[in-house]
Amino acid sequence: MTDDAARTATRKVVRYSLLACLFLILVLAFVVFRYFVLTFAVAASVSLLLAPVHDRLTRALGGRHSLAAALLVLLCTVMILVPVLSYGMLLVQQAAGFFEWVRPRLEPAALDRLWRETLPARFPSLMMWLRSAGIACMPSGSAALTRLTSSAQGVVQAVLAGVATAALDLVIFLMMVFFLLRDAPLLREQVRGISPFTRGQEAEMLEHLTRTIRGVLQAMLLVPLAQGVIALLGFLVFGLPAPYLWSAIVVFAALIPLVGSPLAWVPAGLYLFSISPARGVGLLLYGALVISTIDNILKPLILKGAAQVHTLLGFLAIIGGLYAFGFKGLVVGPVVLSLVMSAFRIYRHDILRWRAEVVTGRSGAFPAVEEPTRAYR
């Protein structure tokens, strides 16, 4: 083996060993940080949207980057906690009121009267079917109350565990937003050192990403207000008591992802059903067909207007993000769509045109390979 061949073999061994070490390091990094990837994606999106505000606030504060970032993080905290805590207080009040309402109705005398008088008078066919099926008596009130209490305790424990997880997630999110805002120039330069994109392509991707995030946040604020107005109309038509209070609860509930407005209009419909079954069923149908449906219509439309995203793609990005990532998917889904569209434009208007120029050449000759031009805006 010649000296050149030996050096080549040695370089290959060193290169492959280095690649293996880098791959192992990436795997270990993923194992450690995979729990925070989605939180980081949401924090980076919010930081990107707040970056111009942070720059202006930093100049107004005499160049104090940390103070400007801290003030913006405090503002984010208030904007998140105020609706969540307000709805939590309303939900606790409603739950306490419901328990006080249902407790006397689970007493033995009340259950016996319900089984022997109220239900046969209102639903004679149902009672005949129940008796023919062998259900001859109502469970005792103490047993029903015990089951209700145990179920309530299980729900409370699950809620407390979820609140603790959400609180920790919120703290991590706010810390990420603070450091991303404060250290944005340094992080940008570090990323550019390994980025395969040109400055023009980076500017194109960041611009479209900013518009997409702005559209998502606008949808998250405007759609709950629209649902509250539409719910108020339905509450007035069906004669729900305290319609303005219930519509305010709908607005707060719509801010909560995954479940959203049904947290408000379903209890309202059930409460109205206990007063008037026909109006209660009508309100439940109105909530399912109108109040909840408007969410899936307005969000893609707002996203289309802000980021020039097709309505169908916007709808699929929001729904797919919710299915894949839960609450964070409301932001991560459209962000992924924005990156996909930017990659498509870069490939179509930069890579393909660059390849065509290299293949055909200029003035009949093959030119030196140049850097791809800026992507189509």
# chains A, B, ... in the order shown; residues from 1 in each chain; ligands from 1

call {"tool": "residues_around", "arguments": {"residues": "segment 286-303 of chain A", "least_positions_apart": "6", "cutoff": "10 Å", "atoms": "only C-alpha atoms", "output": "VMD selection string"}}
result
chain A and resid 211 to 220 222 to 224 226 to 232 234 to 235 238 250 254 259 to 262 264 to 266 268 to 269 280 309 to 319 334

call {"tool": "write_last_selection", "arguments": {"atoms": "N, CA and C atoms", "output": "compact mmCIF listing (two decimals), in the first residue's frame"}}
result
# COMPACT_ATOMS: atom_id res chain seq x y z
N ARG A 211 -45.30 36.23 9.44
CA ARG A 211 -46.69 36.45 9.04
C ARG A 211 -47.58 35.30 9.49
N THR A 212 -47.07 34.09 9.39
CA THR A 212 -47.86 32.93 9.81
C THR A 212 -48.14 32.97 11.30
N ILE A 213 -47.12 33.26 12.10
CA ILE A 213 -47.31 33.31 13.55
C ILE A 213 -48.27 34.43 13.92
N ARG A 214 -48.14 35.57 13.25
CA ARG A 214 -49.06 36.67 13.52
C ARG A 214 -50.50 36.25 13.23
N GLY A 215 -50.70 35.54 12.11
CA GLY A 215 -52.04 35.07 11.79
C GLY A 215 -52.57 34.08 12.81
N VAL A 216 -51.71 33.19 13.30
CA VAL A 216 -52.14 32.20 14.29
C VAL A 216 -52.56 32.89 15.58
N LEU A 217 -51.76 33.84 16.06
CA LEU A 217 -52.09 34.53 17.31
C LEU A 217 -53.35 35.39 17.14
N GLN A 218 -53.52 36.02 15.99
CA GLN A 218 -54.74 36.76 15.74
C GLN A 218 -55.95 35.84 15.79
N ALA A 219 -55.81 34.65 15.19
CA ALA A 219 -56.93 33.70 15.21
C ALA A 219 -57.23 33.24 16.63
N MET A 220 -56.19 33.03 17.43
CA MET A 220 -56.40 32.56 18.80
C MET A 220 -57.10 33.61 19.65
N LEU A 222 -59.13 36.40 18.13
CA LEU A 222 -60.36 36.86 17.49
C LEU A 222 -61.44 35.80 17.44
N VAL A 223 -61.05 34.54 17.21
CA VAL A 223 -62.05 33.48 17.09
C VAL A 223 -62.83 33.28 18.40
N PRO A 224 -62.20 33.26 19.59
CA PRO A 224 -63.00 33.16 20.81
C PRO A 224 -64.00 34.29 20.98
N ALA A 226 -65.48 35.91 18.51
CA ALA A 226 -66.56 35.61 17.57
C ALA A 226 -67.46 34.49 18.10
N GLN A 227 -66.86 33.48 18.69
CA GLN A 227 -67.67 32.39 19.27
C GLN A 227 -68.53 32.90 20.42
N GLY A 228 -67.99 33.83 21.21
CA GLY A 228 -68.78 34.39 22.30
C GLY A 228 -70.00 35.15 21.79
N VAL A 229 -69.83 35.93 20.71
CA VAL A 229 -70.95 36.68 20.14
C VAL A 229 -72.00 35.73 19.56
N ILE A 230 -71.54 34.72 18.83
CA ILE A 230 -72.48 33.76 18.23
C ILE A 230 -73.19 32.96 19.33
N ALA A 231 -72.46 32.60 20.37
CA ALA A 231 -73.09 31.89 21.48
C ALA A 231 -74.14 32.76 22.17
N LEU A 232 -73.85 34.05 22.33
CA LEU A 232 -74.81 34.95 22.97
C LEU A 232 -76.12 35.00 22.19
N GLY A 234 -77.38 32.61 20.33
CA GLY A 234 -78.09 31.37 20.58
C GLY A 234 -78.67 31.31 21.98
N PHE A 235 -77.93 31.80 22.97
CA PHE A 235 -78.44 31.79 24.34
C PHE A 235 -79.69 32.66 24.46
N PHE A 238 -82.72 30.77 22.64
CA PHE A 238 -83.25 29.60 23.36
C PHE A 238 -83.63 29.91 24.80
N VAL A 250 -68.02 31.21 27.47
CA VAL A 250 -67.67 30.63 26.17
C VAL A 250 -66.37 31.24 25.64
N ALA A 254 -63.10 29.05 24.97
CA ALA A 254 -62.56 28.92 23.61
C ALA A 254 -61.06 29.16 23.57
N VAL A 259 -60.29 21.20 23.81
CA VAL A 259 -61.69 21.13 24.20
C VAL A 259 -62.42 22.39 23.76
N GLY A 260 -61.96 23.55 24.23
CA GLY A 260 -62.48 24.83 23.77
C GLY A 260 -63.88 25.13 24.23
N SER A 261 -64.68 25.73 23.34
CA SER A 261 -65.99 26.26 23.70
C SER A 261 -66.97 25.22 24.24
N PRO A 262 -66.91 23.92 23.87
CA PRO A 262 -67.84 22.96 24.49
C PRO A 262 -67.76 22.91 26.00
N ALA A 264 -68.13 25.27 27.80
CA ALA A 264 -69.12 26.23 28.28
C ALA A 264 -70.53 25.91 27.77
N TRP A 265 -70.67 25.69 26.44
CA TRP A 265 -72.03 25.53 25.93
C TRP A 265 -72.64 24.16 26.24
N VAL A 266 -71.82 23.13 26.49
CA VAL A 266 -72.40 21.83 26.89
C VAL A 266 -73.04 21.92 28.28
N ALA A 268 -74.15 24.58 29.65
CA ALA A 268 -75.30 25.48 29.48
C ALA A 268 -76.48 24.73 28.88
N GLY A 269 -76.21 23.89 27.86
CA GLY A 269 -77.29 23.11 27.26
C GLY A 269 -77.90 22.10 28.21
N GLY A 280 -83.26 22.67 25.54
CA GLY A 280 -81.92 22.18 25.84
C GLY A 280 -81.32 21.43 24.67
N VAL A 309 -51.82 31.78 3.03
CA VAL A 309 -51.86 30.33 3.06
C VAL A 309 -53.23 29.89 2.57
N HIS A 310 -53.26 28.88 1.71
CA HIS A 310 -54.52 28.37 1.20
C HIS A 310 -55.41 27.91 2.37
N THR A 311 -56.71 28.14 2.24
CA THR A 311 -57.64 27.85 3.34
C THR A 311 -57.58 26.38 3.74
N LEU A 312 -57.56 25.47 2.76
CA LEU A 312 -57.51 24.05 3.09
C LEU A 312 -56.22 23.69 3.80
N LEU A 313 -55.09 24.22 3.32
CA LEU A 313 -53.82 23.93 3.98
C LEU A 313 -53.79 24.49 5.41
N GLY A 314 -54.33 25.69 5.58
CA GLY A 314 -54.39 26.25 6.92
C GLY A 314 -55.25 25.42 7.86
N PHE A 315 -56.40 24.96 7.36
CA PHE A 315 -57.28 24.11 8.17
C PHE A 315 -56.58 22.81 8.55
N LEU A 316 -55.92 22.16 7.57
CA LEU A 316 -55.24 20.90 7.85
C LEU A 316 -54.06 21.10 8.80
N ALA A 317 -53.35 22.23 8.67
CA ALA A 317 -52.21 22.49 9.55
C ALA A 317 -52.67 22.66 11.00
N ILE A 318 -53.78 23.34 11.21
CA ILE A 318 -54.28 23.55 12.57
C ILE A 318 -54.79 22.25 13.17
N ILE A 319 -55.63 21.52 12.41
CA ILE A 319 -56.18 20.27 12.92
C ILE A 319 -55.08 19.23 13.10
N PRO A 334 -49.13 25.33 12.01
CA PRO A 334 -48.92 26.37 10.99
C PRO A 334 -47.45 26.73 10.78

call {"tool": "residues_around", "arguments": {"residues": "Val332 of chain A", "least_positions_apart": "2", "cutoff": "8 Å", "atoms": "only C-alpha atoms", "output": "list in words"}}
result
Leu38, Ala41, Val42, Gly321, Phe325, Lys328, Gly329, Leu330, Pro334, Val335 and Val336 of chain A

call {"tool": "write_last_selection", "arguments": {"atoms": "all heavy atoms", "output": "PDB file, in the first residue's frame"}}
result
ATOM      1  N   LEU A  38     -41.066  20.924  21.385  1.00  0.00           N
ATOM      2  CA  LEU A  38     -42.289  21.643  21.020  1.00  0.00           C
ATOM      3  C   LEU A  38     -42.394  22.966  21.773  1.00  0.00           C
ATOM      4  O   LEU A  38     -42.790  23.992  21.196  1.00  0.00           O
ATOM      5  CB  LEU A  38     -43.509  20.775  21.309  1.00  0.00           C
ATOM      6  CG  LEU A  38     -43.646  19.507  20.462  1.00  0.00           C
ATOM      7  CD1 LEU A  38     -44.892  18.745  20.855  1.00  0.00           C
ATOM      8  CD2 LEU A  38     -43.692  19.864  18.990  1.00  0.00           C
ATOM      9  N   ALA A  41     -40.173  25.331  20.093  1.00  0.00           N
ATOM     10  CA  ALA A  41     -40.730  25.805  18.824  1.00  0.00           C
ATOM     11  C   ALA A  41     -41.749  26.910  19.046  1.00  0.00           C
ATOM     12  O   ALA A  41     -41.755  27.929  18.338  1.00  0.00           O
ATOM     13  CB  ALA A  41     -41.365  24.632  18.066  1.00  0.00           C
ATOM     14  N   VAL A  42     -42.614  26.739  20.048  1.00  0.00           N
ATOM     15  CA  VAL A  42     -43.608  27.784  20.349  1.00  0.00           C
ATOM     16  C   VAL A  42     -42.915  29.037  20.871  1.00  0.00           C
ATOM     17  O   VAL A  42     -43.247  30.165  20.477  1.00  0.00           O
ATOM     18  CB  VAL A  42     -44.637  27.251  21.359  1.00  0.00           C
ATOM     19  CG1 VAL A  42     -45.628  28.347  21.734  1.00  0.00           C
ATOM     20  CG2 VAL A  42     -45.375  26.054  20.789  1.00  0.00           C
ATOM     21  N   GLY A 321     -51.890  19.782  13.572  1.00  0.00           N
ATOM     22  CA  GLY A 321     -51.059  20.170  14.699  1.00  0.00           C
ATOM     23  C   GLY A 321     -51.685  19.797  16.038  1.00  0.00           C
ATOM     24  O   GLY A 321     -51.002  19.329  16.953  1.00  0.00           O
ATOM     25  N   PHE A 325     -49.632  17.273  18.249  1.00  0.00           N
ATOM     26  CA  PHE A 325     -48.880  17.885  19.344  1.00  0.00           C
ATOM     27  C   PHE A 325     -49.748  18.431  20.465  1.00  0.00           C
ATOM     28  O   PHE A 325     -49.219  18.995  21.424  1.00  0.00           O
ATOM     29  CB  PHE A 325     -47.989  19.017  18.811  1.00  0.00           C
ATOM     30  CG  PHE A 325     -47.104  18.598  17.672  1.00  0.00           C
ATOM     31  CD1 PHE A 325     -47.246  19.182  16.422  1.00  0.00           C
ATOM     32  CD2 PHE A 325     -46.151  17.624  17.850  1.00  0.00           C
ATOM     33  CE1 PHE A 325     -46.431  18.807  15.368  1.00  0.00           C
ATOM     34  CE2 PHE A 325     -45.336  17.238  16.803  1.00  0.00           C
ATOM     35  CZ  PHE A 325     -45.476  17.820  15.558  1.00  0.00           C
ATOM     36  N   LYS A 328     -49.837  22.738  21.885  1.00  0.00           N
ATOM     37  CA  LYS A 328     -48.762  23.433  21.181  1.00  0.00           C
ATOM     38  C   LYS A 328     -48.905  23.324  19.667  1.00  0.00           C
ATOM     39  O   LYS A 328     -48.327  24.115  18.928  1.00  0.00           O
ATOM     40  CB  LYS A 328     -47.412  22.886  21.626  1.00  0.00           C
ATOM     41  CG  LYS A 328     -47.154  23.084  23.112  1.00  0.00           C
ATOM     42  CD  LYS A 328     -46.003  22.263  23.599  1.00  0.00           C
ATOM     43  CE  LYS A 328     -45.880  22.369  25.114  1.00  0.00           C
ATOM     44  NZ  LYS A 328     -44.846  21.471  25.659  1.00  0.00           N
ATOM     45  N   GLY A 329     -49.662  22.343  19.204  1.00  0.00           N
ATOM     46  CA  GLY A 329     -49.868  22.193  17.772  1.00  0.00           C
ATOM     47  C   GLY A 329     -50.616  23.334  17.136  1.00  0.00           C
ATOM     48  O   GLY A 329     -50.551  23.516  15.914  1.00  0.00           O
ATOM     49  N   LEU A 330     -51.333  24.138  17.943  1.00  0.00           N
ATOM     50  CA  LEU A 330     -51.989  25.321  17.384  1.00  0.00           C
ATOM     51  C   LEU A 330     -50.981  26.271  16.748  1.00  0.00           C
ATOM     52  O   LEU A 330     -51.289  26.958  15.767  1.00  0.00           O
ATOM     53  CB  LEU A 330     -52.770  26.059  18.479  1.00  0.00           C
ATOM     54  CG  LEU A 330     -54.089  25.437  18.923  1.00  0.00           C
ATOM     55  CD1 LEU A 330     -54.640  26.176  20.127  1.00  0.00           C
ATOM     56  CD2 LEU A 330     -55.086  25.447  17.784  1.00  0.00           C
ATOM     57  N   PRO A 334     -49.128  25.330  12.007  1.00  0.00           N
ATOM     58  CA  PRO A 334     -48.915  26.372  10.991  1.00  0.00           C
ATOM     59  C   PRO A 334     -47.447  26.728  10.776  1.00  0.00           C
ATOM     60  O   PRO A 334     -47.059  27.077   9.656  1.00  0.00           O
ATOM     61  CB  PRO A 334     -49.694  27.569  11.552  1.00  0.00           C
ATOM     62  CG  PRO A 334     -50.751  26.946  12.399  1.00  0.00           C
ATOM     63  CD  PRO A 334     -50.115  25.745  13.016  1.00  0.00           C
ATOM     64  N   VAL A 335     -46.613  26.643  11.807  1.00  0.00           N
ATOM     65  CA  VAL A 335     -45.187  26.914  11.630  1.00  0.00           C
ATOM     66  C   VAL A 335     -44.565  25.874  10.694  1.00  0.00           C
ATOM     67  O   VAL A 335     -43.781  26.208   9.798  1.00  0.00           O
ATOM     68  CB  VAL A 335     -44.466  26.923  12.988  1.00  0.00           C
ATOM     69  CG1 VAL A 335     -42.959  26.838  12.811  1.00  0.00           C
ATOM     70  CG2 VAL A 335     -44.819  28.192  13.754  1.00  0.00           C
ATOM     71  N   VAL A 336     -44.915  24.608  10.894  1.00  0.00           N
ATOM     72  CA  VAL A 336     -44.411  23.556   9.998  1.00  0.00           C
ATOM     73  C   VAL A 336     -44.889  23.810   8.564  1.00  0.00           C
ATOM     74  O   VAL A 336     -44.126  23.656   7.603  1.00  0.00           O
ATOM     75  CB  VAL A 336     -44.866  22.176  10.502  1.00  0.00           C
ATOM     76  CG1 VAL A 336     -44.539  21.089   9.479  1.00  0.00           C
ATOM     77  CG2 VAL A 336     -44.198  21.853  11.828  1.00  0.00           C
TER      78      VAL A 336
END

call {"tool": "select_by_dssp", "arguments": {"residues": "segment 189-263 of chain A", "states": "alpha helix (DSSP H)", "output": "PyMOL selection string"}}
result
chain A and resi 189-192+199-238+243-254+262-263

call {"tool": "residues_around", "arguments": {"residues": "segment 271-277 of chain A", "least_positions_apart": "3", "cutoff": "12 Å", "atoms": "only C-alpha atoms", "output": "list of chain:residue names"}}
result
A:Gln94, A:Gly97, A:Phe98, A:Trp101, A:Val102, A:Arg122, A:Phe123, A:Phe235, A:Phe238, A:Gly239, A:Leu240, A:Pro241, A:Ala242, A:Pro243, A:Trp246, A:Ala264, A:Trp265, A:Val266, A:Pro267, A:Ala268, A:Gly280, A:Val281, A:Gly282, A:Leu283, A:Leu284, A:Leu285

call {"tool": "atom_distance", "arguments": {"atom1": "atom CA of Ser342 of chain A", "atom2": "atom CA of Leu206 of chain A"}}
result
9.2 Å

call {"tool": "residues_around", "arguments": {"residues": "Arg182 of chain A", "least_positions_apart": "5", "cutoff": "9 Å", "atoms": "only C-alpha atoms", "output": "list in words"}}
result
His54, His65, Ser66, Leu67, Ala68, Ala69, Ala70 and Val177 of chain A

call {"tool": "write_last_selection", "arguments": {"atoms": "N, CA, C and O atoms", "output": "compact mmCIF listing (two decimals), in the first residue's frame"}}
result
# COMPACT_ATOMS: atom_id res chain seq x y z
N HIS A 54 -39.21 44.17 20.94
CA HIS A 54 -38.06 44.13 21.85
C HIS A 54 -36.98 45.11 21.42
O HIS A 54 -36.37 45.78 22.26
N HIS A 65 -31.03 45.27 27.11
CA HIS A 65 -31.67 44.12 26.47
C HIS A 65 -32.40 43.25 27.50
O HIS A 65 -33.52 42.79 27.25
N SER A 66 -31.77 42.99 28.62
CA SER A 66 -32.36 42.10 29.61
C SER A 66 -33.64 42.69 30.20
O SER A 66 -34.64 41.97 30.39
N LEU A 67 -33.62 43.98 30.49
CA LEU A 67 -34.81 44.62 31.06
C LEU A 67 -35.96 44.61 30.05
O LEU A 67 -37.11 44.33 30.42
N ALA A 68 -35.66 44.89 28.79
CA ALA A 68 -36.71 44.86 27.76
C ALA A 68 -37.29 43.46 27.61
O ALA A 68 -38.52 43.29 27.52
N ALA A 69 -36.43 42.44 27.62
CA ALA A 69 -36.93 41.07 27.52
C ALA A 69 -37.76 40.69 28.74
O ALA A 69 -38.80 40.03 28.61
N ALA A 70 -37.33 41.12 29.93
CA ALA A 70 -38.08 40.81 31.15
C ALA A 70 -39.47 41.46 31.13
O ALA A 70 -40.46 40.85 31.54
N VAL A 177 -38.50 32.22 26.15
CA VAL A 177 -38.81 33.49 25.49
C VAL A 177 -37.85 34.58 25.95
O VAL A 177 -37.36 35.37 25.13

call {"tool": "decode", "arguments": {"residues": "segment 223-250 of chain A", "atoms": "N, CA, C and O atoms", "output": "PDB file, in the first residue's frame"}}
result
ATOM      1  N   VAL A 223     -61.051  34.540  17.210  1.00  0.00           N
ATOM      2  CA  VAL A 223     -62.051  33.477  17.095  1.00  0.00           C
ATOM      3  C   VAL A 223     -62.831  33.281  18.399  1.00  0.00           C
ATOM      4  O   VAL A 223     -64.063  33.135  18.362  1.00  0.00           O
ATOM      5  N   PRO A 224     -62.201  33.256  19.588  1.00  0.00           N
ATOM      6  CA  PRO A 224     -62.999  33.159  20.813  1.00  0.00           C
ATOM      7  C   PRO A 224     -64.004  34.293  20.978  1.00  0.00           C
ATOM      8  O   PRO A 224     -65.126  34.057  21.449  1.00  0.00           O
ATOM      9  N   LEU A 225     -63.617  35.508  20.590  1.00  0.00           N
ATOM     10  CA  LEU A 225     -64.580  36.611  20.668  1.00  0.00           C
ATOM     11  C   LEU A 225     -65.757  36.381  19.732  1.00  0.00           C
ATOM     12  O   LEU A 225     -66.923  36.629  20.098  1.00  0.00           O
ATOM     13  N   ALA A 226     -65.479  35.906  18.513  1.00  0.00           N
ATOM     14  CA  ALA A 226     -66.563  35.615  17.572  1.00  0.00           C
ATOM     15  C   ALA A 226     -67.458  34.495  18.098  1.00  0.00           C
ATOM     16  O   ALA A 226     -68.692  34.560  17.979  1.00  0.00           O
ATOM     17  N   GLN A 227     -66.857  33.475  18.694  1.00  0.00           N
ATOM     18  CA  GLN A 227     -67.665  32.393  19.265  1.00  0.00           C
ATOM     19  C   GLN A 227     -68.528  32.903  20.418  1.00  0.00           C
ATOM     20  O   GLN A 227     -69.664  32.446  20.584  1.00  0.00           O
ATOM     21  N   GLY A 228     -67.986  33.832  21.214  1.00  0.00           N
ATOM     22  CA  GLY A 228     -68.783  34.390  22.298  1.00  0.00           C
ATOM     23  C   GLY A 228     -69.997  35.152  21.791  1.00  0.00           C
ATOM     24  O   GLY A 228     -71.094  35.025  22.344  1.00  0.00           O
ATOM     25  N   VAL A 229     -69.825  35.929  20.714  1.00  0.00           N
ATOM     26  CA  VAL A 229     -70.954  36.682  20.140  1.00  0.00           C
ATOM     27  C   VAL A 229     -71.998  35.732  19.564  1.00  0.00           C
ATOM     28  O   VAL A 229     -73.214  35.893  19.787  1.00  0.00           O
ATOM     29  N   ILE A 230     -71.543  34.716  18.827  1.00  0.00           N
ATOM     30  CA  ILE A 230     -72.482  33.761  18.234  1.00  0.00           C
ATOM     31  C   ILE A 230     -73.193  32.965  19.329  1.00  0.00           C
ATOM     32  O   ILE A 230     -74.398  32.684  19.234  1.00  0.00           O
ATOM     33  N   ALA A 231     -72.460  32.598  20.373  1.00  0.00           N
ATOM     34  CA  ALA A 231     -73.093  31.890  21.477  1.00  0.00           C
ATOM     35  C   ALA A 231     -74.136  32.755  22.171  1.00  0.00           C
ATOM     36  O   ALA A 231     -75.207  32.262  22.563  1.00  0.00           O
ATOM     37  N   LEU A 232     -73.849  34.053  22.325  1.00  0.00           N
ATOM     38  CA  LEU A 232     -74.807  34.953  22.970  1.00  0.00           C
ATOM     39  C   LEU A 232     -76.122  34.998  22.191  1.00  0.00           C
ATOM     40  O   LEU A 232     -77.202  34.970  22.794  1.00  0.00           O
ATOM     41  N   LEU A 233     -76.027  35.035  20.866  1.00  0.00           N
ATOM     42  CA  LEU A 233     -77.246  35.029  20.051  1.00  0.00           C
ATOM     43  C   LEU A 233     -78.064  33.762  20.298  1.00  0.00           C
ATOM     44  O   LEU A 233     -79.290  33.806  20.453  1.00  0.00           O
ATOM     45  N   GLY A 234     -77.378  32.614  20.325  1.00  0.00           N
ATOM     46  CA  GLY A 234     -78.090  31.369  20.581  1.00  0.00           C
ATOM     47  C   GLY A 234     -78.674  31.311  21.980  1.00  0.00           C
ATOM     48  O   GLY A 234     -79.809  30.839  22.176  1.00  0.00           O
ATOM     49  N   PHE A 235     -77.933  31.798  22.969  1.00  0.00           N
ATOM     50  CA  PHE A 235     -78.438  31.794  24.340  1.00  0.00           C
ATOM     51  C   PHE A 235     -79.687  32.662  24.462  1.00  0.00           C
ATOM     52  O   PHE A 235     -80.626  32.316  25.192  1.00  0.00           O
ATOM     53  N   LEU A 236     -79.706  33.798  23.769  1.00  0.00           N
ATOM     54  CA  LEU A 236     -80.881  34.666  23.804  1.00  0.00           C
ATOM     55  C   LEU A 236     -82.075  34.019  23.107  1.00  0.00           C
ATOM     56  O   LEU A 236     -83.215  34.103  23.587  1.00  0.00           O
ATOM     57  N   VAL A 237     -81.829  33.366  21.980  1.00  0.00           N
ATOM     58  CA  VAL A 237     -82.925  32.743  21.218  1.00  0.00           C
ATOM     59  C   VAL A 237     -83.551  31.596  22.014  1.00  0.00           C
ATOM     60  O   VAL A 237     -84.787  31.475  22.085  1.00  0.00           O
ATOM     61  N   PHE A 238     -82.720  30.771  22.644  1.00  0.00           N
ATOM     62  CA  PHE A 238     -83.247  29.598  23.357  1.00  0.00           C
ATOM     63  C   PHE A 238     -83.631  29.906  24.798  1.00  0.00           C
ATOM     64  O   PHE A 238     -84.095  29.022  25.509  1.00  0.00           O
ATOM     65  N   GLY A 239     -83.437  31.136  25.231  1.00  0.00           N
ATOM     66  CA  GLY A 239     -83.909  31.537  26.552  1.00  0.00           C
ATOM     67  C   GLY A 239     -83.094  31.010  27.700  1.00  0.00           C
ATOM     68  O   GLY A 239     -83.649  30.665  28.760  1.00  0.00           O
ATOM     69  N   LEU A 240     -81.774  30.950  27.542  1.00  0.00           N
ATOM     70  CA  LEU A 240     -80.917  30.504  28.633  1.00  0.00           C
ATOM     71  C   LEU A 240     -80.818  31.598  29.689  1.00  0.00           C
ATOM     72  O   LEU A 240     -80.563  32.766  29.357  1.00  0.00           O
ATOM     73  N   PRO A 241     -80.992  31.276  30.970  1.00  0.00           N
ATOM     74  CA  PRO A 241     -80.822  32.300  32.015  1.00  0.00           C
ATOM     75  C   PRO A 241     -79.383  32.817  32.037  1.00  0.00           C
ATOM     76  O   PRO A 241     -78.436  32.074  31.795  1.00  0.00           O
ATOM     77  N   ALA A 242     -79.211  34.097  32.345  1.00  0.00           N
ATOM     78  CA  ALA A 242     -77.898  34.756  32.413  1.00  0.00           C
ATOM     79  C   ALA A 242     -77.096  34.538  31.131  1.00  0.00           C
ATOM     80  O   ALA A 242     -75.976  34.014  31.163  1.00  0.00           O
ATOM     81  N   PRO A 243     -77.624  34.932  29.974  1.00  0.00           N
ATOM     82  CA  PRO A 243     -76.932  34.641  28.711  1.00  0.00           C
ATOM     83  C   PRO A 243     -75.601  35.370  28.568  1.00  0.00           C
ATOM     84  O   PRO A 243     -74.659  34.834  27.962  1.00  0.00           O
ATOM     85  N   TYR A 244     -75.493  36.582  29.104  1.00  0.00           N
ATOM     86  CA  TYR A 244     -74.240  37.333  28.960  1.00  0.00           C
ATOM     87  C   TYR A 244     -73.111  36.680  29.767  1.00  0.00           C
ATOM     88  O   TYR A 244     -71.960  36.632  29.325  1.00  0.00           O
ATOM     89  N   LEU A 245     -73.449  36.151  30.958  1.00  0.00           N
ATOM     90  CA  LEU A 245     -72.441  35.444  31.744  1.00  0.00           C
ATOM     91  C   LEU A 245     -71.982  34.178  31.024  1.00  0.00           C
ATOM     92  O   LEU A 245     -70.785  33.895  30.940  1.00  0.00           O
ATOM     93  N   TRP A 246     -72.932  33.434  30.485  1.00  0.00           N
ATOM     94  CA  TRP A 246     -72.576  32.208  29.781  1.00  0.00           C
ATOM     95  C   TRP A 246     -71.756  32.499  28.524  1.00  0.00           C
ATOM     96  O   TRP A 246     -70.832  31.741  28.186  1.00  0.00           O
ATOM     97  N   SER A 247     -72.068  33.574  27.818  1.00  0.00           N
ATOM     98  CA  SER A 247     -71.274  33.911  26.618  1.00  0.00           C
ATOM     99  C   SER A 247     -69.857  34.311  26.995  1.00  0.00           C
ATOM    100  O   SER A 247     -68.896  33.993  26.268  1.00  0.00           O
ATOM    101  N   ALA A 248     -69.693  34.999  28.146  1.00  0.00           N
ATOM    102  CA  ALA A 248     -68.336  35.316  28.608  1.00  0.00           C
ATOM    103  C   ALA A 248     -67.567  34.037  28.946  1.00  0.00           C
ATOM    104  O   ALA A 248     -66.365  33.925  28.658  1.00  0.00           O
ATOM    105  N   ILE A 249     -68.270  33.060  29.523  1.00  0.00           N
ATOM    106  CA  ILE A 249     -67.618  31.774  29.815  1.00  0.00           C
ATOM    107  C   ILE A 249     -67.212  31.083  28.520  1.00  0.00           C
ATOM    108  O   ILE A 249     -66.164  30.429  28.446  1.00  0.00           O
ATOM    109  N   VAL A 250     -68.021  31.213  27.472  1.00  0.00           N
ATOM    110  CA  VAL A 250     -67.672  30.631  26.166  1.00  0.00           C
ATOM    111  C   VAL A 250     -66.373  31.240  25.639  1.00  0.00           C
ATOM    112  O   VAL A 250     -65.511  30.532  25.094  1.00  0.00           O
TER     113      VAL A 250
END
